[in-house]
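Here's the structure we're looking at; comments come further down.
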Amino acid sequence: MQQLFTRGPARRVLVPLAAAALAVAGLAVAQAPTAHAAGSVVKVTGSQGSWQLTVDGAPYQVKGLTWGPSPADAAKDLPDLAKMGVNTIRTWGTDATSAPLFDAAAANGIKVIAGFWLQPGGGPGSGGCVNYLTDTTYKDNMLDEFPKWVDTYKDNPGVLMWDVGNESVLGLQNCYSGDQLEQQRNAYTTFVNDIAKKIHSIDPSHPVTSTDAWTGAWPYYKKNAPDLDLYAVNSYKDICNVKSAWEAGGYDKPYIITEGGPAGSWEVPNDANGVPDEPTDQQKADGYTNAWKCVSDHQGVALGATLFHYGNENDFGGIWFNLVPDGLKRPSYYAVTKAYGGNTAGDNLPPQVTDMNVSGANDGVPTGADVTISTKTTDPEGDPIAYQVLFSSLYIDNNGALTPATATDDGSGTLTVKAPDKVGVYKVYVKATDGNGNVGYGSKSLRVVAPKPAGTDVALGKPATASSFQSDPTGGCPCTAANAVDGKPDTRWSSDWSDPQWLQVDLGHSTTFTHVQLSWEAAYAKAYAIQTSDDGQNWTTVKLVTDGNGNIDDLDVTGTGRYVRVQGTQRGTSYGYSLYEFGVYA
């Protein structure tokens, strides 16, 4: 799930983070009591290109969803999935807390693809960097741990199959490169095979698979993991290309999709503010419909899918993917229900936010200023619609939580709120509810900028130099000194990660100023000085700050000089100093 939402070299982190914690927690908890002996016999049957999954001899197509709620909530939530036509859920971790999930699944005619988490997972933050060539302690622990839970739950009728690992062939690229990466990928998939063999020795009645993030992992499994019964892949935007990849790879095993749905944030183009342009609710619903069609069309090879995601988190990732954020049903929920042949009789459908505009979204709205949000929102049954506006600062501080804003509604879907008090690019969400358990969302980005002080910015466009600057393009750089005096709210100067650092501007001649405005990015100065000089060598401090807290520093300070400098002496974070704008006003 790179960081929270990128793919390719890095991959989003969403549910797998919790799953990783669950899997690790399993090392410390007591073993659960063995379930009653009533397990199903699940087999991959057939021959090349004509496979099927069978449960107790009957054909079984996986019509599934990934599972997000706590196992303790399974008895409450799983009847809803059964109504949707879901027959399978997928998890990322299995331990003593899993028993209520298996039991509730079985009680509702649902089976579980039970996951086991292996580091490093799909991206940074998903787990540590294991050396699969040399770390025998880690491997021995997992070879003991996973089979223990297989033995515990193998006779539970809620078990469908075991899934070892999630996206680690991809994730290893965040730990290694070059020849080392190839060696680690081969060692990892060999280890997966070792686990598969041990699981089979304990439980011959359930298949074993291993999930990765792209079909480029399959050649490693083909070479090193012959004991897997089938392959598994997480695929979103490219889900309809999995069939051709399987055909081109000459594989001799079927597969399932273990995550799928509409395009993720790592797969869509950026908007004018440089952040992923989130699809509409209807586009996401269509993404699920299309994903299931592509899986169903690969008959005899694709044995089904667990689409992503039955979760109730109401945060950045939850709004992108969850079918039931805050327990409310959205268009994607009904699209999956229809795809799986679920019961749709008498359904009251959600509102749809089909158009949304945010005033000043790209030009920049000053902190604390009014923001007007206009929407075109309709409800299929004509139900009254209630609105809420929420902000996410994910692209500023990596916090995916949503913050409600006080909104004024003119009665026609046009809402007015105050811009947040911190500069940067926000996601703005309009949440539309119908009072019948349904919700629709609209989302756009908004750039918030510093309010313009009185006077003229005499530093604007003038030559600027700095003690250092960042050049790494992966961080949106080069971030040179000139960026801090270009008048653009979307460019910045960023220094090395050390103290002290400085940024100075040459005003061209001795100039008297009365105000300085510093618009900080997340990496700010806790302690710094504003200094002046006539020769760029000898400096006079005109303002000393020792309690900086970032965001916007508006300083009423009088000084005279040709050169003006901000001298950072103590960083407010572990990073360097980063300024969107260094304004000097006369």
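For the structure tokens, the naming scheme is as follows: chains receive sequential letters (A, B, ...) according to their order of presentation, residues are indexed from 1 within each chain, and ligands are indexed from 1 in presentation order.
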List as a list in words the protein and nucleic acid residues near segment 299-313 of chain A, meaning an atom at most 6 Å away when only C-alpha atoms are counted, but skip any in the same chain fewer than 6 places from it.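 Near segment 299-313 of chain A, the qualifying residues are Gly49, Ser50, Trp51, Gln61, Val62, Lys63, Gly64, Leu65, Thr66, Trp67, Gly68, Pro69, Pro254, Tyr255, Ile256, Ile257, Thr258, Glu259, Gly260, Gly261, Asn322, Leu323, Val324, Pro325, Asp326 and Gly327 of chain A.
Going from atom CA of Ser495 of chain A to atom CA of Thr367 of chain A covers 25.1 Å.
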Sel. of alpha helix (DSSP H) residues, segment 312-396 of chain A, as a list in words: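 After running DSSP on the backbone, segment 312-396 of chain A has alpha helix (DSSP H) at Phe316, Gly317, Gly318, Ile319, Trp320, Phe321, Pro331, Ser332, Tyr333, Tyr334, Ala335, Val336, Thr337, Lys338, Ala339, Leu394, Tyr395 and Ile396 of chain A.
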Give the strand (DSSP E or B) residues of segment 320-505 of chain A, as assigned by DSSP on the backbone, as a PyMOL selection string. chain A and resi 329+352-358+365-366+370-378+386-393+399-405+408-409+414-418+424-433+438-449+457+464-466+470+479+493-494+501-505
For Gly487 of chain A, find every residue with an atom within 9 Å (counting only C-alpha atoms), except residues of its own chain fewer than 3 positions away, and show them as a PDB file with C-alpha atoms, in the first residue's frame.
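The result, written out as out-v4.pdb:
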ATOM      1  CA  LEU A 460      11.307  38.722  -5.205  1.00  0.00           C
ATOM      2  CA  GLY A 461      13.336  37.456  -8.141  1.00  0.00           C
ATOM      3  CA  ASN A 483      13.218  28.775  -5.389  1.00  0.00           C
ATOM      4  CA  ALA A 484      12.702  30.658  -2.121  1.00  0.00           C
ATOM      5  CA  THR A 491       8.769  25.520  -5.177  1.00  0.00           C
ATOM      6  CA  TYR A 580       8.764  27.860   0.180  1.00  0.00           C
ATOM      7  CA  GLU A 581       9.296  31.614   0.281  1.00  0.00           C
ATOM      8  CA  PHE A 582      11.680  34.116   1.900  1.00  0.00           C
ATOM      9  CA  GLY A 583       9.938  37.472   1.611  1.00  0.00           C
TER      10      GLY A 583
END
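Comparing the minimum interatomic distances between Asp554 of chain A and each of A:Gly250, A:Pro451, A:Pro489, A:Gly536, counting only C-alpha atoms, we find that A:Pro451 sits nearest.
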Can you tell me, as a CSV table (one decimal) with all heavy atoms, in the first residue's frame, what residues are no more than 8 Å from segment 201-210 of chain A when counting only C-alpha atoms, ignoring any on the same chain fewer than 3 positions away?
chain,number,residue,atom,x,y,z
A,40,SER,N,-12.9,-28.2,5.5
A,40,SER,CA,-13.2,-28.6,4.1
A,40,SER,C,-11.9,-29.1,3.5
A,40,SER,O,-10.8,-28.8,3.9
A,40,SER,CB,-13.7,-27.4,3.3
A,40,SER,OG,-14.9,-27.0,3.9
A,41,VAL,N,-12.1,-29.9,2.4
A,41,VAL,CA,-11.0,-30.3,1.6
A,41,VAL,C,-11.0,-29.5,0.3
A,41,VAL,O,-11.9,-29.5,-0.4
A,41,VAL,CB,-11.0,-31.8,1.2
A,41,VAL,CG1,-9.9,-32.2,0.2
A,41,VAL,CG2,-11.0,-32.7,2.4
A,42,VAL,N,-9.9,-28.6,0.2
A,42,VAL,CA,-9.9,-27.7,-0.9
A,42,VAL,C,-8.7,-28.1,-1.8
A,42,VAL,O,-7.6,-28.4,-1.4
A,42,VAL,CB,-9.6,-26.3,-0.4
A,42,VAL,CG1,-9.6,-25.3,-1.5
A,42,VAL,CG2,-10.7,-25.9,0.7
A,43,LYS,N,-9.0,-28.2,-3.1
A,43,LYS,CA,-8.0,-28.7,-4.1
A,43,LYS,C,-8.0,-27.8,-5.3
A,43,LYS,O,-9.0,-27.2,-5.7
A,43,LYS,CB,-8.3,-30.1,-4.5
A,43,LYS,CG,-8.3,-31.2,-3.4
A,43,LYS,CD,-6.9,-31.4,-2.9
A,43,LYS,CE,-6.9,-32.5,-1.9
A,43,LYS,NZ,-5.5,-32.7,-1.3
A,44,VAL,N,-6.8,-27.6,-5.9
A,44,VAL,CA,-6.7,-27.1,-7.2
A,44,VAL,C,-6.7,-28.3,-8.2
A,44,VAL,O,-5.8,-29.1,-8.1
A,44,VAL,CB,-5.4,-26.3,-7.4
A,44,VAL,CG1,-5.3,-25.8,-8.9
A,44,VAL,CG2,-5.4,-25.1,-6.5
A,147,PRO,N,3.5,-22.7,10.6
A,147,PRO,CA,2.9,-24.0,10.7
A,147,PRO,C,2.2,-24.2,12.0
A,147,PRO,O,1.2,-25.0,12.1
A,147,PRO,CB,4.1,-24.9,10.6
A,147,PRO,CG,5.1,-24.2,9.8
A,147,PRO,CD,5.0,-22.8,10.2
A,150,VAL,N,-1.2,-22.9,11.2
A,150,VAL,CA,-1.8,-23.8,10.3
A,150,VAL,C,-2.4,-25.0,11.0
A,150,VAL,O,-3.5,-25.5,10.8
A,150,VAL,CB,-0.8,-24.3,9.2
A,150,VAL,CG1,-1.4,-25.4,8.4
A,150,VAL,CG2,-0.4,-23.1,8.3
A,151,ASP,N,-1.6,-25.6,11.9
A,151,ASP,CA,-2.0,-26.8,12.7
A,151,ASP,C,-3.2,-26.4,13.6
A,151,ASP,O,-4.1,-27.2,13.8
A,151,ASP,CB,-0.9,-27.3,13.6
A,151,ASP,CG,-1.1,-28.6,14.2
A,151,ASP,OD1,-1.6,-29.5,13.4
A,151,ASP,OD2,-0.9,-28.8,15.4
A,154,LYS,N,-6.3,-25.7,10.8
A,154,LYS,CA,-6.5,-26.4,9.6
A,154,LYS,C,-7.9,-27.2,9.5
A,154,LYS,O,-8.4,-27.4,8.4
A,154,LYS,CB,-5.4,-27.4,9.4
A,154,LYS,CG,-5.3,-28.5,10.5
A,154,LYS,CD,-4.2,-29.5,10.3
A,154,LYS,CE,-4.2,-30.6,11.4
A,154,LYS,NZ,-3.0,-31.5,11.3
A,159,VAL,N,-11.5,-22.1,6.7
A,159,VAL,CA,-10.2,-22.0,6.0
A,159,VAL,C,-10.4,-22.4,4.5
A,159,VAL,O,-11.0,-23.4,4.2
A,159,VAL,CB,-9.1,-22.8,6.6
A,159,VAL,CG1,-7.8,-22.8,5.8
A,159,VAL,CG2,-8.8,-22.3,8.1
A,160,LEU,N,-9.9,-21.5,3.6
A,160,LEU,CA,-9.9,-21.9,2.2
A,160,LEU,C,-8.5,-22.2,1.7
A,160,LEU,O,-8.3,-23.3,1.1
A,160,LEU,CB,-10.4,-20.7,1.3
A,160,LEU,CG,-10.4,-21.0,-0.2
A,160,LEU,CD1,-11.5,-22.0,-0.5
A,160,LEU,CD2,-10.7,-19.7,-1.0
A,161,MET,N,-7.5,-21.4,2.1
A,161,MET,CA,-6.1,-21.6,1.7
A,161,MET,C,-5.2,-20.8,2.5
A,161,MET,O,-5.7,-19.9,3.2
A,161,MET,CB,-5.9,-21.4,0.2
A,161,MET,CG,-5.9,-20.0,-0.3
A,161,MET,SD,-5.6,-19.8,-2.1
A,161,MET,CE,-7.1,-20.5,-2.8
A,162,TRP,N,-3.9,-21.0,2.4
A,162,TRP,CA,-2.9,-20.3,3.1
A,162,TRP,C,-2.1,-19.4,2.1
A,162,TRP,O,-1.8,-19.9,1.0
A,162,TRP,CB,-1.9,-21.2,3.9
A,162,TRP,CG,-2.6,-22.3,4.7
A,162,TRP,CD1,-2.8,-23.6,4.4
A,162,TRP,CD2,-3.3,-22.0,5.9
A,162,TRP,NE1,-3.5,-24.2,5.4
A,162,TRP,CE2,-3.9,-23.3,6.3
A,162,TRP,CE3,-3.5,-20.9,6.8
A,162,TRP,CZ2,-4.6,-23.4,7.5
A,162,TRP,CZ3,-4.2,-21.1,7.9
A,162,TRP,CH2,-4.8,-22.3,8.3
A,163,ASP,N,-1.8,-18.2,2.5
A,163,ASP,CA,-1.1,-17.2,1.6
A,163,ASP,C,0.1,-16.7,2.4
A,163,ASP,O,0.0,-16.0,3.4
A,163,ASP,CB,-2.1,-16.1,1.3
A,163,ASP,CG,-1.5,-15.1,0.3
A,163,ASP,OD1,-0.4,-15.4,-0.3
A,163,ASP,OD2,-2.2,-14.1,0.0
A,164,VAL,N,1.3,-17.1,1.9
A,164,VAL,CA,2.6,-16.8,2.5
A,164,VAL,C,3.2,-15.6,1.9
A,164,VAL,O,3.7,-15.6,0.8
A,164,VAL,CB,3.5,-18.0,2.4
A,164,VAL,CG1,4.8,-17.7,3.1
A,164,VAL,CG2,2.9,-19.3,2.9
A,165,GLY,N,3.2,-14.5,2.7
A,165,GLY,CA,3.9,-13.3,2.3
A,165,GLY,C,3.0,-12.4,1.5
A,165,GLY,O,2.0,-12.8,0.9
A,166,ASN,N,3.4,-11.1,1.4
A,166,ASN,CA,2.7,-10.1,0.6
A,166,ASN,C,3.6,-9.1,0.0
A,166,ASN,O,4.2,-8.3,0.7
A,166,ASN,CB,1.7,-9.4,1.5
A,166,ASN,CG,0.8,-8.3,0.7
A,166,ASN,OD1,0.0,-8.7,0.0
A,166,ASN,ND2,1.1,-7.1,0.9
A,192,VAL,N,9.9,-19.2,0.7
A,192,VAL,CA,8.5,-19.4,0.6
A,192,VAL,C,8.2,-20.8,0.2
A,192,VAL,O,7.2,-21.4,0.8
A,192,VAL,CB,7.9,-18.4,-0.5
A,192,VAL,CG1,6.5,-18.8,-0.8
A,192,VAL,CG2,7.9,-17.0,0.0
A,196,ALA,N,5.9,-23.5,2.2
A,196,ALA,CA,4.8,-24.2,1.6
A,196,ALA,C,5.0,-25.7,1.8
A,196,ALA,O,4.0,-26.4,2.1
A,196,ALA,CB,4.8,-23.9,0.1
A,197,LYS,N,6.2,-26.3,1.7
A,197,LYS,CA,6.4,-27.7,1.9
A,197,LYS,C,6.0,-28.1,3.4
A,197,LYS,O,5.3,-29.1,3.6
A,197,LYS,CB,7.8,-28.1,1.6
A,197,LYS,CG,8.2,-28.2,0.2
A,197,LYS,CD,9.5,-28.8,-0.1
A,197,LYS,CE,10.6,-28.0,0.4
A,197,LYS,NZ,11.9,-28.6,0.0
A,198,LYS,N,6.4,-27.2,4.3
A,198,LYS,CA,6.1,-27.6,5.7
A,198,LYS,C,4.6,-27.5,6.0
A,198,LYS,O,4.0,-28.3,6.7
A,198,LYS,CB,6.9,-26.6,6.6
A,198,LYS,CG,6.8,-27.1,8.1
A,198,LYS,CD,7.9,-26.5,8.9
A,198,LYS,CE,7.8,-27.0,10.4
A,198,LYS,NZ,8.9,-26.4,11.2
A,228,LEU,N,4.2,-24.4,-4.4
A,228,LEU,CA,3.0,-23.6,-4.4
A,228,LEU,C,1.9,-24.3,-5.3
A,228,LEU,O,2.2,-24.8,-6.4
A,228,LEU,CB,3.2,-22.2,-4.9
A,228,LEU,CG,4.1,-21.3,-4.0
A,228,LEU,CD1,4.3,-19.9,-4.7
A,228,LEU,CD2,3.6,-21.2,-2.6
A,229,ASP,N,0.7,-24.2,-4.9
A,229,ASP,CA,-0.4,-24.8,-5.6
A,229,ASP,C,-0.9,-23.8,-6.7
A,229,ASP,O,-1.5,-24.3,-7.7
A,229,ASP,CB,-1.6,-25.2,-4.7
A,229,ASP,CG,-1.1,-26.2,-3.7
A,229,ASP,OD1,-1.0,-27.4,-4.1
A,229,ASP,OD2,-0.9,-25.9,-2.5
A,230,LEU,N,-0.7,-22.6,-6.5
A,230,LEU,CA,-1.2,-21.5,-7.4
A,230,LEU,C,-0.5,-20.2,-7.1
A,230,LEU,O,0.1,-20.1,-6.0
A,230,LEU,CB,-2.7,-21.3,-7.3
A,230,LEU,CG,-3.3,-20.7,-6.1
A,230,LEU,CD1,-4.8,-20.3,-6.4
A,230,LEU,CD2,-3.3,-21.6,-4.9
A,231,TYR,N,-0.5,-19.3,-8.1
A,231,TYR,CA,0.1,-18.0,-7.9
A,231,TYR,C,-0.9,-17.0,-7.4
A,231,TYR,O,-2.1,-17.3,-7.5
A,231,TYR,CB,0.8,-17.5,-9.2
A,231,TYR,CG,1.9,-18.4,-9.7
A,231,TYR,CD1,1.9,-18.8,-11.1
A,231,TYR,CD2,2.9,-18.9,-8.9
A,231,TYR,CE1,2.9,-19.6,-11.6
A,231,TYR,CE2,3.9,-19.7,-9.4
A,231,TYR,CZ,3.9,-20.0,-10.8
A,231,TYR,OH,4.9,-20.8,-11.2
A,232,ALA,N,-0.4,-15.9,-6.9
A,232,ALA,CA,-1.3,-14.8,-6.5
A,232,ALA,C,-0.7,-13.5,-6.7
A,232,ALA,O,0.5,-13.3,-6.6
A,232,ALA,CB,-1.7,-15.0,-5.0
